[in-house]
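Asker: Just one file: my_file_20.tsv, with TSV, C-alpha atoms.
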chain	number	residue	atom	x	y	z
A	152	MET	CA	-29.12	-1.65	4.08
A	153	ASN	CA	-30.03	-2.49	7.68
A	154	PRO	CA	-26.97	-2.70	9.95
A	155	GLU	CA	-29.06	-4.13	12.79
A	156	LYS	CA	-30.12	-7.05	10.59
A	157	ILE	CA	-26.57	-7.45	9.29
A	158	ARG	CA	-25.28	-7.73	12.86
A	159	ASP	CA	-27.27	-10.95	13.30
A	160	ASP	CA	-24.91	-12.58	10.79
A	161	PHE	CA	-21.84	-11.97	12.99
A	162	PRO	CA	-21.70	-14.26	16.03
A	163	ILE	CA	-18.94	-12.35	17.83
A	164	LEU	CA	-21.07	-9.18	17.98
A	165	LYS	CA	-23.32	-10.94	20.50
A	166	ARG	CA	-20.44	-11.11	22.99
A	167	LYS	CA	-20.21	-9.07	26.16
A	168	ILE	CA	-16.91	-7.59	27.35
A	169	TYR	CA	-16.65	-6.87	31.07
A	170	GLY	CA	-20.42	-7.37	31.21
A	171	LYS	CA	-21.10	-4.78	28.49
A	172	PRO	CA	-22.16	-5.37	24.86
A	173	LEU	CA	-19.20	-5.45	22.52
A	174	VAL	CA	-18.79	-2.29	20.46
A	175	TYR	CA	-16.22	-3.31	17.84
A	176	LEU	CA	-14.54	-0.24	16.32
A	177	ASP	CA	-11.20	-1.72	15.25
A	178	ASN	CA	-12.13	-2.65	11.70
A	179	ALA	CA	-9.10	-0.97	10.13
A	180	ALA	CA	-7.01	-3.61	11.93
A	181	THR	CA	-9.26	-6.55	11.06
A	182	SER	CA	-12.96	-7.07	10.45
A	183	GLN	CA	-15.29	-9.57	12.05
A	184	LYS	CA	-16.53	-12.64	10.15
A	185	PRO	CA	-20.12	-13.63	9.26
A	186	PHE	CA	-21.48	-17.15	9.74
A	187	SER	CA	-21.20	-17.83	6.01
A	188	VAL	CA	-17.41	-17.31	6.04
A	189	ILE	CA	-16.91	-19.43	9.16
A	190	GLN	CA	-19.10	-22.18	7.68
A	191	ALA	CA	-17.24	-22.11	4.35
A	192	VAL	CA	-13.95	-22.83	6.11
A	193	GLN	CA	-15.52	-25.54	8.25
A	194	ASN	CA	-17.25	-27.10	5.26
A	195	TYR	CA	-13.98	-27.33	3.34
A	196	TYR	CA	-12.29	-29.25	6.16
A	197	GLU	CA	-15.34	-31.46	6.76
A	198	ASN	CA	-16.07	-32.32	3.13
A	199	SER	CA	-13.42	-31.26	0.60
A	200	ASN	CA	-10.02	-31.28	2.31
A	201	ALA	CA	-7.37	-32.13	-0.28
A	202	ASN	CA	-4.34	-30.51	-1.88
A	203	ILE	CA	-5.10	-28.60	-5.05
A	204	HIS	CA	-3.94	-28.53	-8.69
A	205	ARG	CA	-2.00	-31.80	-8.70
A	206	GLY	CA	-4.47	-34.49	-7.73
A	207	VAL	CA	-6.78	-36.40	-10.09
A	208	HIS	CA	-9.07	-37.83	-7.42
A	209	TYR	CA	-12.52	-36.39	-6.67
A	210	LEU	CA	-11.63	-34.40	-3.54
A	211	ALA	CA	-8.59	-32.82	-5.19
A	212	GLU	CA	-10.66	-31.79	-8.21
A	213	GLU	CA	-13.41	-30.41	-5.95
A	214	ALA	CA	-10.96	-28.40	-3.80
A	215	THR	CA	-9.15	-27.07	-6.88
A	216	THR	CA	-12.39	-25.93	-8.47
A	217	ALA	CA	-13.48	-24.17	-5.26
A	218	TYR	CA	-10.09	-22.48	-4.84
A	219	GLU	CA	-9.83	-21.27	-8.44
A	220	GLU	CA	-13.42	-20.04	-8.35
A	221	VAL	CA	-12.34	-17.55	-5.67
A	222	ARG	CA	-9.72	-16.18	-8.06
A	223	LYS	CA	-12.50	-15.47	-10.56
A	224	LYS	CA	-14.67	-13.90	-7.85
A	225	THR	CA	-11.78	-11.69	-6.78
A	226	ALA	CA	-11.16	-10.53	-10.35
A	227	SER	CA	-14.86	-9.72	-10.73
A	228	PHE	CA	-14.94	-7.86	-7.40
A	229	ILE	CA	-12.26	-5.36	-8.50
A	230	HIS	CA	-13.33	-5.45	-12.17
A	231	ALA	CA	-10.10	-7.00	-13.42
A	232	LYS	CA	-10.16	-8.01	-17.08
A	233	ASP	CA	-8.49	-11.37	-16.51
A	234	HIS	CA	-8.59	-13.63	-13.46
A	235	HIS	CA	-5.02	-14.68	-14.27
A	236	SER	CA	-4.05	-11.20	-13.04
A	237	ILE	CA	-5.00	-12.22	-9.47
A	238	LEU	CA	-2.19	-13.58	-7.28
A	239	PHE	CA	-2.91	-14.97	-3.81
A	240	THR	CA	-0.45	-14.12	-1.03
A	241	ARG	CA	-0.58	-14.29	2.77
A	242	ASN	CA	-1.58	-10.64	3.24
A	243	CYS	CA	-1.34	-7.16	1.73
A	244	THR	CA	2.17	-6.77	3.16
A	245	GLU	CA	3.41	-9.82	1.27
A	246	ALA	CA	1.73	-8.57	-1.90
A	247	ILE	CA	3.69	-5.30	-1.74
A	248	ASN	CA	6.89	-7.18	-0.94
A	249	LEU	CA	6.28	-9.39	-3.96
A	250	VAL	CA	6.29	-6.31	-6.21
A	251	SER	CA	9.44	-5.01	-4.54
A	252	PHE	CA	11.22	-8.35	-4.90
A	253	SER	CA	10.02	-9.56	-8.29
A	254	TRP	CA	9.55	-6.28	-10.15
A	255	GLY	CA	11.80	-3.85	-8.25
A	256	ARG	CA	14.91	-6.01	-8.12
A	257	LYS	CA	14.67	-6.74	-11.84
A	258	PHE	CA	13.75	-3.36	-13.26
A	259	LEU	CA	15.14	-0.71	-10.88
A	260	ASN	CA	18.71	0.54	-10.95
A	261	ARG	CA	20.93	3.02	-9.12
A	262	GLY	CA	19.59	6.56	-9.49
A	263	ASP	CA	16.02	5.51	-10.25
A	264	GLU	CA	13.35	7.06	-8.04
A	265	ILE	CA	10.29	5.72	-6.21
A	266	LEU	CA	7.61	8.23	-5.23
A	267	LEU	CA	5.65	7.50	-2.04
A	268	THR	CA	3.62	9.67	0.35
A	269	GLU	CA	4.15	10.83	3.92
A	270	MET	CA	1.08	8.90	5.08
A	271	GLU	CA	2.17	5.38	4.10
A	272	HIS	CA	1.80	2.33	6.32
A	273	HIS	CA	5.15	0.76	7.19
A	274	SER	CA	4.27	-2.09	4.80
A	275	ASN	CA	4.55	0.39	1.93
A	276	LEU	CA	7.77	1.93	3.25
A	277	ILE	CA	10.06	-0.80	4.54
A	278	PRO	CA	10.14	-2.92	1.34
A	279	TRP	CA	11.35	0.18	-0.50
A	280	HIS	CA	13.88	0.96	2.25
A	281	LEU	CA	15.34	-2.51	1.72
A	282	LEU	CA	15.42	-2.00	-2.03
A	283	LYS	CA	17.02	1.42	-1.61
A	284	ASN	CA	19.82	-0.09	0.46
A	285	GLU	CA	20.35	-2.88	-2.04
A	286	LYS	CA	20.01	-1.06	-5.36
A	287	GLY	CA	20.93	2.57	-4.61
A	288	ILE	CA	17.55	3.96	-5.67
A	289	GLU	CA	16.09	7.18	-4.24
A	290	LEU	CA	12.83	7.65	-2.38
A	291	LYS	CA	10.73	10.80	-2.64
A	292	PHE	CA	7.51	11.68	-0.84
A	293	ILE	CA	4.32	13.58	-1.60
A	294	PRO	CA	3.63	15.65	1.55
A	295	PHE	CA	0.26	16.04	3.23
A	296	ASP	CA	-1.04	19.37	4.54
A	297	GLU	CA	-2.44	20.39	7.92
A	298	THR	CA	-5.86	18.95	7.01
A	299	GLY	CA	-4.39	15.52	6.23
A	300	VAL	CA	-4.81	15.86	2.46
A	301	LEU	CA	-2.00	15.21	-0.04
A	302	ASP	CA	-0.43	18.39	-1.40
A	303	LEU	CA	-0.61	17.66	-5.11
A	304	SER	CA	0.87	21.06	-5.96
A	305	LYS	CA	4.23	19.38	-5.29
A	306	LEU	CA	3.50	16.46	-7.62
A	307	SER	CA	4.75	18.01	-10.85
A	308	GLU	CA	8.19	18.68	-9.38
A	309	LEU	CA	8.36	15.27	-7.67
A	310	LEU	CA	7.49	13.31	-10.80
A	311	SER	CA	10.25	13.09	-13.37
A	312	LYS	CA	11.72	10.74	-15.96
A	313	LYS	CA	13.70	9.21	-13.09
A	314	THR	CA	10.44	8.16	-11.39
A	315	LYS	CA	10.05	4.46	-12.14
A	316	LEU	CA	7.43	3.60	-9.52
A	317	VAL	CA	4.72	5.46	-7.64
A	318	SER	CA	3.40	3.49	-4.67
A	319	LEU	CA	0.74	4.95	-2.41
A	320	THR	CA	-2.16	4.16	-0.16
A	321	HIS	CA	-5.67	4.59	-1.53
A	322	ILE	CA	-7.04	5.36	1.95
A	323	SER	CA	-4.82	6.27	4.89
A	324	ASN	CA	-5.15	3.78	7.74
A	325	THR	CA	-4.49	6.61	10.22
A	326	LEU	CA	-5.99	9.80	8.79
A	327	GLY	CA	-8.82	8.17	6.88
A	328	THR	CA	-7.95	10.35	3.88
A	329	ILE	CA	-9.30	9.08	0.55
A	330	ASN	CA	-6.53	9.94	-1.89
A	331	PRO	CA	-7.21	10.97	-5.53
A	332	VAL	CA	-5.37	7.94	-6.87
A	333	LYS	CA	-6.93	8.00	-10.34
A	334	GLU	CA	-5.46	11.44	-11.07
A	335	ILE	CA	-2.09	10.48	-9.57
A	336	ILE	CA	-2.01	7.32	-11.69
A	337	ARG	CA	-2.73	9.33	-14.84
A	338	LEU	CA	0.08	11.81	-14.13
A	339	ALA	CA	2.51	9.03	-13.17
A	340	HIS	CA	1.80	7.16	-16.40
A	341	GLU	CA	2.53	10.32	-18.40
A	342	LYS	CA	6.06	10.09	-16.98
A	343	GLY	CA	6.29	6.40	-17.78
A	344	ALA	CA	6.09	5.26	-14.14
A	345	VAL	CA	4.45	2.07	-12.88
A	346	VAL	CA	1.86	2.55	-10.11
A	347	LEU	CA	1.14	0.31	-7.12
A	348	ILE	CA	-1.93	1.06	-4.99
A	349	ASP	CA	-2.15	-0.13	-1.38
A	350	GLY	CA	-5.85	-0.96	-1.22
A	351	ALA	CA	-5.90	-2.47	2.26
A	352	GLN	CA	-8.32	0.20	3.51
A	353	SER	CA	-10.17	0.91	0.26
A	354	VAL	CA	-11.15	-2.41	-1.32
A	355	PRO	CA	-13.15	-3.49	1.79
A	356	HIS	CA	-15.05	-0.20	2.00
A	357	ILE	CA	-15.62	1.42	-1.40
A	358	PRO	CA	-16.15	0.15	-4.96
A	359	VAL	CA	-12.75	-0.27	-6.64
A	360	ASP	CA	-12.41	-0.75	-10.40
A	361	VAL	CA	-8.83	-1.46	-11.49
A	362	GLN	CA	-9.65	-0.86	-15.15
A	363	ASP	CA	-11.14	2.55	-14.40
A	364	LEU	CA	-8.21	3.48	-12.13
A	365	ASN	CA	-5.72	1.98	-14.62
A	366	CYS	CA	-3.36	1.02	-11.79
A	367	ASP	CA	-0.58	-1.42	-12.59
A	368	PHE	CA	-0.70	-3.21	-9.24
A	369	LEU	CA	-3.27	-3.32	-6.42
A	370	ALA	CA	-2.67	-5.01	-3.06
A	371	PHE	CA	-5.25	-5.85	-0.38
A	372	SER	CA	-6.13	-8.38	2.35
A	373	SER	CA	-8.97	-10.81	2.98
A	374	HIS	CA	-9.10	-10.29	6.74
A	375	LYS	CA	-10.04	-6.61	6.50
A	376	MET	CA	-13.07	-7.43	4.34
A	377	LEU	CA	-14.91	-10.10	6.37
A	378	GLY	CA	-12.62	-12.94	5.25
A	379	PRO	CA	-10.12	-15.08	7.16
A	380	THR	CA	-6.57	-14.07	8.00
A	381	GLY	CA	-3.69	-15.52	5.99
A	382	VAL	CA	-4.97	-14.52	2.54
A	383	GLY	CA	-3.81	-11.49	0.56
A	384	VAL	CA	-4.28	-10.43	-3.03
A	385	LEU	CA	-2.02	-8.83	-5.59
A	386	TYR	CA	-3.60	-7.69	-8.84
A	387	GLY	CA	-1.09	-7.00	-11.59
A	388	LYS	CA	-1.34	-6.22	-15.27
A	389	GLN	CA	-0.49	-9.33	-17.27
A	390	GLU	CA	2.39	-7.79	-19.20
A	391	LEU	CA	4.12	-6.91	-15.91
A	392	LEU	CA	3.48	-10.31	-14.32
A	393	LEU	CA	4.87	-12.05	-17.39
A	394	ALA	CA	8.05	-9.94	-17.32
A	395	MET	CA	8.79	-10.26	-13.59
A	396	ASP	CA	10.86	-12.96	-11.92
A	397	PRO	CA	9.31	-15.47	-9.48
A	398	PHE	CA	8.92	-14.48	-5.84
A	399	MET	CA	9.66	-17.93	-4.40
A	400	GLY	CA	10.77	-21.23	-5.89
A	401	GLY	CA	9.25	-24.65	-5.33
A	402	GLY	CA	6.33	-26.79	-6.31
A	403	GLU	CA	3.44	-25.60	-8.48
A	404	MET	CA	5.21	-22.52	-9.91
A	405	ILE	CA	7.23	-24.55	-12.41
A	406	ARG	CA	6.68	-25.78	-15.95
A	407	GLU	CA	9.65	-28.15	-16.18
A	408	VAL	CA	12.61	-28.87	-13.88
A	409	TRP	CA	16.03	-30.33	-14.64
A	410	LEU	CA	18.85	-30.83	-12.17
A	411	ASP	CA	20.56	-27.61	-13.18
A	412	HIS	CA	17.71	-25.34	-14.35
A	413	SER	CA	13.95	-24.89	-14.52
A	414	THR	CA	11.22	-23.08	-16.45
A	415	TYR	CA	8.20	-21.43	-14.90
A	416	SER	CA	4.44	-21.50	-15.20
A	417	ASN	CA	2.47	-18.53	-16.46
A	418	PRO	CA	0.96	-16.08	-13.96
A	419	PRO	CA	-0.63	-16.39	-11.49
A	420	TRP	CA	0.87	-19.79	-10.64
A	421	LYS	CA	4.39	-18.51	-11.36
A	422	TYR	CA	4.12	-16.56	-8.08
A	423	GLU	CA	2.34	-19.15	-5.92
A	424	ALA	CA	4.98	-21.70	-4.88
A	425	GLY	CA	3.96	-24.51	-2.55
A	426	THR	CA	0.65	-25.47	-1.00
A	427	PRO	CA	-1.46	-22.34	-0.53
A	428	ASN	CA	-3.89	-21.43	2.24
A	429	ILE	CA	-6.73	-23.35	0.62
A	430	ALA	CA	-9.37	-23.29	3.35
A	431	ASP	CA	-9.07	-19.59	4.14
A	432	THR	CA	-9.04	-18.67	0.45
A	433	ILE	CA	-12.33	-20.49	0.08
A	434	GLY	CA	-13.55	-18.59	3.14
A	435	PHE	CA	-12.49	-15.37	1.40
A	436	GLY	CA	-14.72	-16.35	-1.49
A	437	ALA	CA	-17.67	-16.51	0.91
A	438	ALA	CA	-16.73	-13.03	2.18
A	439	LEU	CA	-16.80	-11.68	-1.38
A	440	ASP	CA	-20.23	-13.26	-1.86
A	441	TYR	CA	-21.45	-11.56	1.31
A	442	LEU	CA	-20.14	-8.13	0.31
A	443	ASN	CA	-21.60	-8.47	-3.18
A	444	HIS	CA	-24.97	-9.43	-1.68
A	445	ILE	CA	-25.02	-6.26	0.43
A	446	GLY	CA	-23.53	-4.06	-2.31
A	447	MET	CA	-20.32	-2.04	-2.06
A	448	ASP	CA	-22.13	1.16	-3.00
A	449	LYS	CA	-24.48	0.70	-0.03
A	450	ILE	CA	-21.57	-0.07	2.30
A	451	GLN	CA	-19.78	3.08	1.15
A	452	LYS	CA	-22.90	5.20	1.71
A	453	HIS	CA	-23.49	3.72	5.17
A	454	GLU	CA	-19.90	4.38	6.28
A	455	GLU	CA	-19.99	7.91	4.87
A	456	GLU	CA	-23.13	8.61	6.94
A	457	LEU	CA	-21.47	7.16	10.05
A	458	THR	CA	-18.35	9.23	9.44
A	459	ARG	CA	-20.34	12.42	8.93
A	460	PHE	CA	-22.27	11.73	12.14
A	461	ALA	CA	-19.10	10.98	14.11
A	462	LEU	CA	-17.23	14.04	12.82
A	463	GLN	CA	-20.16	16.28	13.78
A	464	LYS	CA	-20.40	14.77	17.25
A	465	PHE	CA	-16.65	14.92	17.88
A	466	SER	CA	-16.51	18.56	16.73
A	467	LEU	CA	-18.82	19.50	19.63
A	468	GLU	CA	-16.49	18.01	22.22
A	469	LYS	CA	-13.86	20.09	23.99
A	470	ASN	CA	-10.30	18.84	24.48
A	471	ILE	CA	-10.52	16.30	21.63
A	472	THR	CA	-8.35	16.56	18.53
A	473	VAL	CA	-9.51	14.64	15.46
A	474	TYR	CA	-6.91	14.13	12.73
A	475	GLY	CA	-7.55	14.03	8.99
A	476	PRO	CA	-10.01	15.79	6.69
A	477	GLN	CA	-13.25	17.04	8.22
A	478	ASN	CA	-15.12	16.45	4.95
A	479	PRO	CA	-16.70	12.95	5.02
A	480	GLU	CA	-16.58	12.79	1.22
A	481	VAL	CA	-12.78	12.53	1.38
A	482	HIS	CA	-12.59	10.97	4.87
A	483	SER	CA	-13.37	7.27	5.14
A	484	GLY	CA	-14.69	5.56	8.27
A	485	ILE	CA	-11.44	5.94	10.22
A	486	LEU	CA	-11.29	8.46	13.10
A	487	SER	CA	-7.94	9.03	14.78
A	488	PHE	CA	-8.17	11.25	17.82
A	489	ASN	CA	-6.42	12.31	21.01
A	490	LEU	CA	-7.80	13.52	24.31
A	491	GLU	CA	-5.89	16.47	25.71
A	492	GLY	CA	-3.35	15.38	28.33
A	493	ILE	CA	-4.24	11.67	28.14
A	494	HIS	CA	-2.08	9.03	26.46
A	495	PRO	CA	-3.91	7.08	23.72
A	496	HIS	CA	-3.02	3.76	25.37
A	497	ASP	CA	-4.83	4.92	28.50
A	498	VAL	CA	-7.78	5.98	26.37
A	499	GLY	CA	-7.88	2.55	24.71
A	500	THR	CA	-7.63	0.74	28.05
A	501	ILE	CA	-10.52	2.61	29.66
A	502	LEU	CA	-12.68	2.30	26.53
A	503	ASP	CA	-12.02	-1.44	26.61
A	504	GLN	CA	-13.44	-1.59	30.13
A	505	GLU	CA	-16.62	-0.12	28.66
A	506	GLY	CA	-16.75	-2.89	26.06
A	507	ILE	CA	-15.46	-0.66	23.24
A	508	ALA	CA	-12.63	-1.97	21.05
A	509	VAL	CA	-10.48	0.72	19.42
A	510	ARG	CA	-6.84	0.84	18.32
A	511	ALA	CA	-4.22	2.87	20.18
A	512	GLY	CA	-0.66	3.61	19.07
A	513	HIS	CA	1.15	4.75	15.94
A	514	HIS	CA	-0.83	2.41	13.63
A	515	CYS	CA	2.37	1.46	11.74
A	516	THR	CA	2.70	5.05	10.52
A	517	GLN	CA	5.53	6.45	12.64
A	518	PRO	CA	6.70	9.05	10.08
A	519	LEU	CA	3.14	10.38	9.88
A	520	MET	CA	2.94	10.61	13.67
A	521	ARG	CA	6.21	12.54	13.82
A	522	LYS	CA	4.80	15.06	11.35
A	523	LEU	CA	1.66	15.42	13.51
A	524	GLY	CA	3.90	15.90	16.56
A	525	VAL	CA	2.35	13.05	18.54
A	526	SER	CA	3.52	9.62	19.66
A	527	GLY	CA	0.24	7.99	18.68
A	528	THR	CA	-3.54	8.30	18.61
A	529	ALA	CA	-6.64	6.38	19.53
A	530	ARG	CA	-8.42	5.14	16.41
A	531	ALA	CA	-12.03	4.16	15.89
A	532	SER	CA	-12.83	2.56	12.53
A	533	PHE	CA	-16.25	1.61	11.16
A	534	TYR	CA	-17.69	-1.09	8.95
A	535	LEU	CA	-21.04	-2.21	7.59
A	536	TYR	CA	-22.28	-3.60	10.94
A	537	ASN	CA	-21.55	-0.46	13.01
A	538	THR	CA	-24.30	1.96	14.01
A	539	LYS	CA	-24.82	5.56	15.11
A	540	GLU	CA	-25.76	4.21	18.54
A	541	GLU	CA	-22.25	2.76	18.82
A	542	VAL	CA	-20.78	6.17	17.99
A	543	GLU	CA	-22.86	7.60	20.83
A	544	LEU	CA	-21.58	4.86	23.16
A	545	LEU	CA	-18.02	5.73	22.14
A	546	LEU	CA	-18.57	9.38	23.03
A	547	GLN	CA	-20.15	8.46	26.36
A	548	ALA	CA	-17.17	6.25	27.16
A	549	ILE	CA	-14.78	9.08	26.24
A	550	GLN	CA	-16.48	11.22	28.88
A	551	LYS	CA	-15.70	8.47	31.39
A	552	VAL	CA	-12.05	8.64	30.34
A	553	PHE	CA	-12.04	12.36	31.14
A	554	GLN	CA	-13.75	11.68	34.48
A	555	VAL	CA	-11.18	9.06	35.47
A	556	PHE	CA	-8.25	11.34	34.72
A	557	HIS	CA	-9.81	14.44	36.25
A	558	HIS	CA	-10.51	12.43	39.40
A	559	ALA	CA	-6.92	11.15	39.43
A	560	ALA	CA	-5.59	14.69	38.91
A	561	ALA	CA	-7.73	16.00	41.75
A	562	ARG	CA	-6.20	13.49	44.12
Let me see whether you can do it: turn the structure in this file into structure tokens.
Answerer:
Amino acid sequence: MNPEKIRDDFPILKRKIYGKPLVYLDNAATSQKPFSVIQAVQNYYENSNANIHRGVHYLAEEATTAYEEVRKKTASFIHAKDHHSILFTRNCTEAINLVSFSWGRKFLNRGDEILLTEMEHHSNLIPWHLLKNEKGIELKFIPFDETGVLDLSKLSELLSKKTKLVSLTHISNTLGTINPVKEIIRLAHEKGAVVLIDGAQSVPHIPVDVQDLNCDFLAFSSHKMLGPTGVGVLYGKQELLLAMDPFMGGGEMIREVWLDHSTYSNPPWKYEAGTPNIADTIGFGAALDYLNHIGMDKIQKHEEELTRFALQKFSLEKNITVYGPQNPEVHSGILSFNLEGIHPHDVGTILDQEGIAVRAGHHCTQPLMRKLGVSGTARASFYLYNTKEEVELLLQAIQKVFQVFHHAAAR
């Protein structure tokens, strides 16, 4: 895998910011898009634009075939047994909310428990807060230790017959921790619990096999894996999707409608009311093709090497705190850090002036930040087109941040 050659496929990486080459290190927020994805969206609008599923004319048939082919590609990408287990949503957040609404409201009752972790993104907290308020369920949390790793010694006492759902992130979007989800899924199933995995940060970066993991649900987003925004995915086991109630009502999700009642289509269409985001879903298919061409195992290896290199370099710097595991085998390509005495927003602003795009803030993980005792962090996150040279440029720019603030302090 040659990241320099890969970079040629991404037009935005040729941009200059404030006269400096763009160093894009905000991939945990969204990834950049290769020519093939951009062209797939453009080609749809230029040549195949039509509504899907209902039409009998040529364009409608062509668009429907292209759209449904992406469902099959998605199933293959995560090794799902059946492409009917793939539901398209707007994003990972909507996918999690769909489970909360359609499964949680039907099958959870007062006194039931949901087990989460202390490192969850708000998207895997707030839907359960809403359900807690509505249904009287209880939320429990697996803690993480001082290294940013889940403390599984607490798991046996947290899991019980009252635990109906375990919902957790595969990879923390703040700490970069790669959680041992396969083992957690096994233990949860022994208690009869259903398991939802937030794969927003894992599916784009490491090989994910839903049959091997044996998860019941998996949620992720197109835009974090080279695809367009506005497309999310929920994988669900067929027996669960068949038992759940619809998420929204309207066209396409029905079998038959009378004035006073209706019957519903089988999954996945049961959960896809109305006209979907056809063009961007087709663009997502091109992103899957691109990732498959490179190889997820190669992408994982490349990011692990980048993470190891960055952790080593950061460890040599004084007055920098890096959060999360220091072992690159359990730390994905996400580095959250703080510079002593400097607010992360100031760090992000000065890095931006050097052409370096990072995230700064609480990263939608406020409970995690409270446990760390900070208001936020700066966050650099890597992908297949990033290089060791860019890590070096990041470190050089961090030294400029220190210089700016030391100069200001001296005045």
Asker: Given only C-alpha atoms, how would the per-residue table for range 442-529 of chain A near range 324-327 of chain A read, listing every residue at most 12 Å away with its closest atom pair and distance in Å to one decimal, sorted by chain and number, as a Markdown table?
Answerer:
| residue | atom | partner | partner_atom | distance |
| --- | --- | --- | --- | --- |
| A:Glu454 | CA | A:Gly327 | CA | 11.7 |
| A:Glu455 | CA | A:Gly327 | CA | 11.4 |
| A:Thr458 | CA | A:Gly327 | CA | 9.9 |
| A:Leu462 | CA | A:Gly327 | CA | 11.9 |
| A:Val473 | CA | A:Leu326 | CA | 9.0 |
| A:Tyr474 | CA | A:Leu326 | CA | 5.9 |
| A:Gly475 | CA | A:Leu326 | CA | 4.5 |
| A:Pro476 | CA | A:Leu326 | CA | 7.5 |
| A:Gln477 | CA | A:Gly327 | CA | 10.0 |
| A:Asn478 | CA | A:Gly327 | CA | 10.6 |
| A:Pro479 | CA | A:Gly327 | CA | 9.4 |
| A:Glu480 | CA | A:Gly327 | CA | 10.7 |
| A:Val481 | CA | A:Gly327 | CA | 8.1 |
| A:His482 | CA | A:Gly327 | CA | 5.1 |
| A:Ser483 | CA | A:Gly327 | CA | 5.0 |
| A:Gly484 | CA | A:Gly327 | CA | 6.6 |
| A:Ile485 | CA | A:Gly327 | CA | 4.8 |
| A:Leu486 | CA | A:Gly327 | CA | 6.7 |
| A:Ser487 | CA | A:Thr325 | CA | 6.2 |
| A:Phe488 | CA | A:Leu326 | CA | 9.4 |
| A:Arg510 | CA | A:Thr325 | CA | 10.2 |
| A:Ala511 | CA | A:Thr325 | CA | 10.6 |
| A:Gly512 | CA | A:Thr325 | CA | 10.1 |
| A:His513 | CA | A:Thr325 | CA | 8.2 |
| A:His514 | CA | A:Thr325 | CA | 6.5 |
| A:Cys515 | CA | A:Thr325 | CA | 8.7 |
| A:Thr516 | CA | A:Thr325 | CA | 7.4 |
| A:Gln517 | CA | A:Thr325 | CA | 10.3 |
| A:Pro518 | CA | A:Thr325 | CA | 11.5 |
| A:Leu519 | CA | A:Thr325 | CA | 8.5 |
| A:Met520 | CA | A:Thr325 | CA | 9.1 |
| A:Leu523 | CA | A:Leu326 | CA | 10.6 |
| A:Gly527 | CA | A:Thr325 | CA | 9.8 |
| A:Thr528 | CA | A:Thr325 | CA | 8.6 |
| A:Ala529 | CA | A:Thr325 | CA | 9.6 |
Asker: Can you report as AutoDock Vina command-line options the centre and edge lengths in Å, to one decimal, of an axis-aligned box around the listed atoms of range 463-477 of chain A padded with 8 Å on each side?
Answerer:
--center_x -13.7 --center_y 17.1 --center_z 15.6 --size_x 29.5 --size_y 22.1 --size_z 33.8
Asker: List as an MDAnalysis selection string the protein and nucleic acid residues near Lys342 in chain A, meaning an atom at most 9 Å away when all atoms listed in the file are counted, but skip any in the same chain fewer than 6 places from it.
Answerer: chainID A and resid 310:315
Asker: Mind listing as a ChimeraX atom specification all residues within 12 Å of (-12.4, 5.2, 32.8), counting all atoms listed in the file?
Answerer: /A:493,497-507,547-559
Asker: Residues within 9 Å of Gly400 in chain A, please, as a PDB file with C-alpha atoms, in the coordinates of the input. Count all atoms listed in the file; anything in the same chain fewer than 5 positions from it doesn't count.
Answerer:
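Output (out-v3.pdb):
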ATOM      1  CA  ILE A 405       7.230 -24.550 -12.410  1.00  0.00           C
ATOM      2  CA  LYS A 421       4.390 -18.510 -11.360  1.00  0.00           C
ATOM      3  CA  TYR A 422       4.120 -16.560  -8.080  1.00  0.00           C
ATOM      4  CA  GLU A 423       2.340 -19.150  -5.920  1.00  0.00           C
ATOM      5  CA  ALA A 424       4.980 -21.700  -4.880  1.00  0.00           C
ATOM      6  CA  GLY A 425       3.960 -24.510  -2.550  1.00  0.00           C
TER       7      GLY A 425
END
Asker: Expressed in Å to a single decimal, how great is the separation between CA of Ala351 in chain A and CA of Asn178 in chain A?
Answerer: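 Going from CA of Ala351 in chain A over to CA of Asn178 in chain A covers 11.3 Å.
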Asker: What is the distance between CA of Ile247 in chain A and CA of Leu369 in chain A, in Å to one decimal?
Answerer: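 Straight-line distance from CA of Ile247 in chain A to CA of Leu369 in chain A works out to 8.6 Å.
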Asker: Nearest residue to Lys452 in chain A out of A:Phe252, A:Trp279, A:Phe368, A:Tyr534, using all atoms listed in the file?
Answerer: A:Tyr534
Asker: Please, what distance in Å, to one decimal, runs between CA of Thr414 in chain A and CA of Ser372 in chain A?
Answerer: 29.5 Å
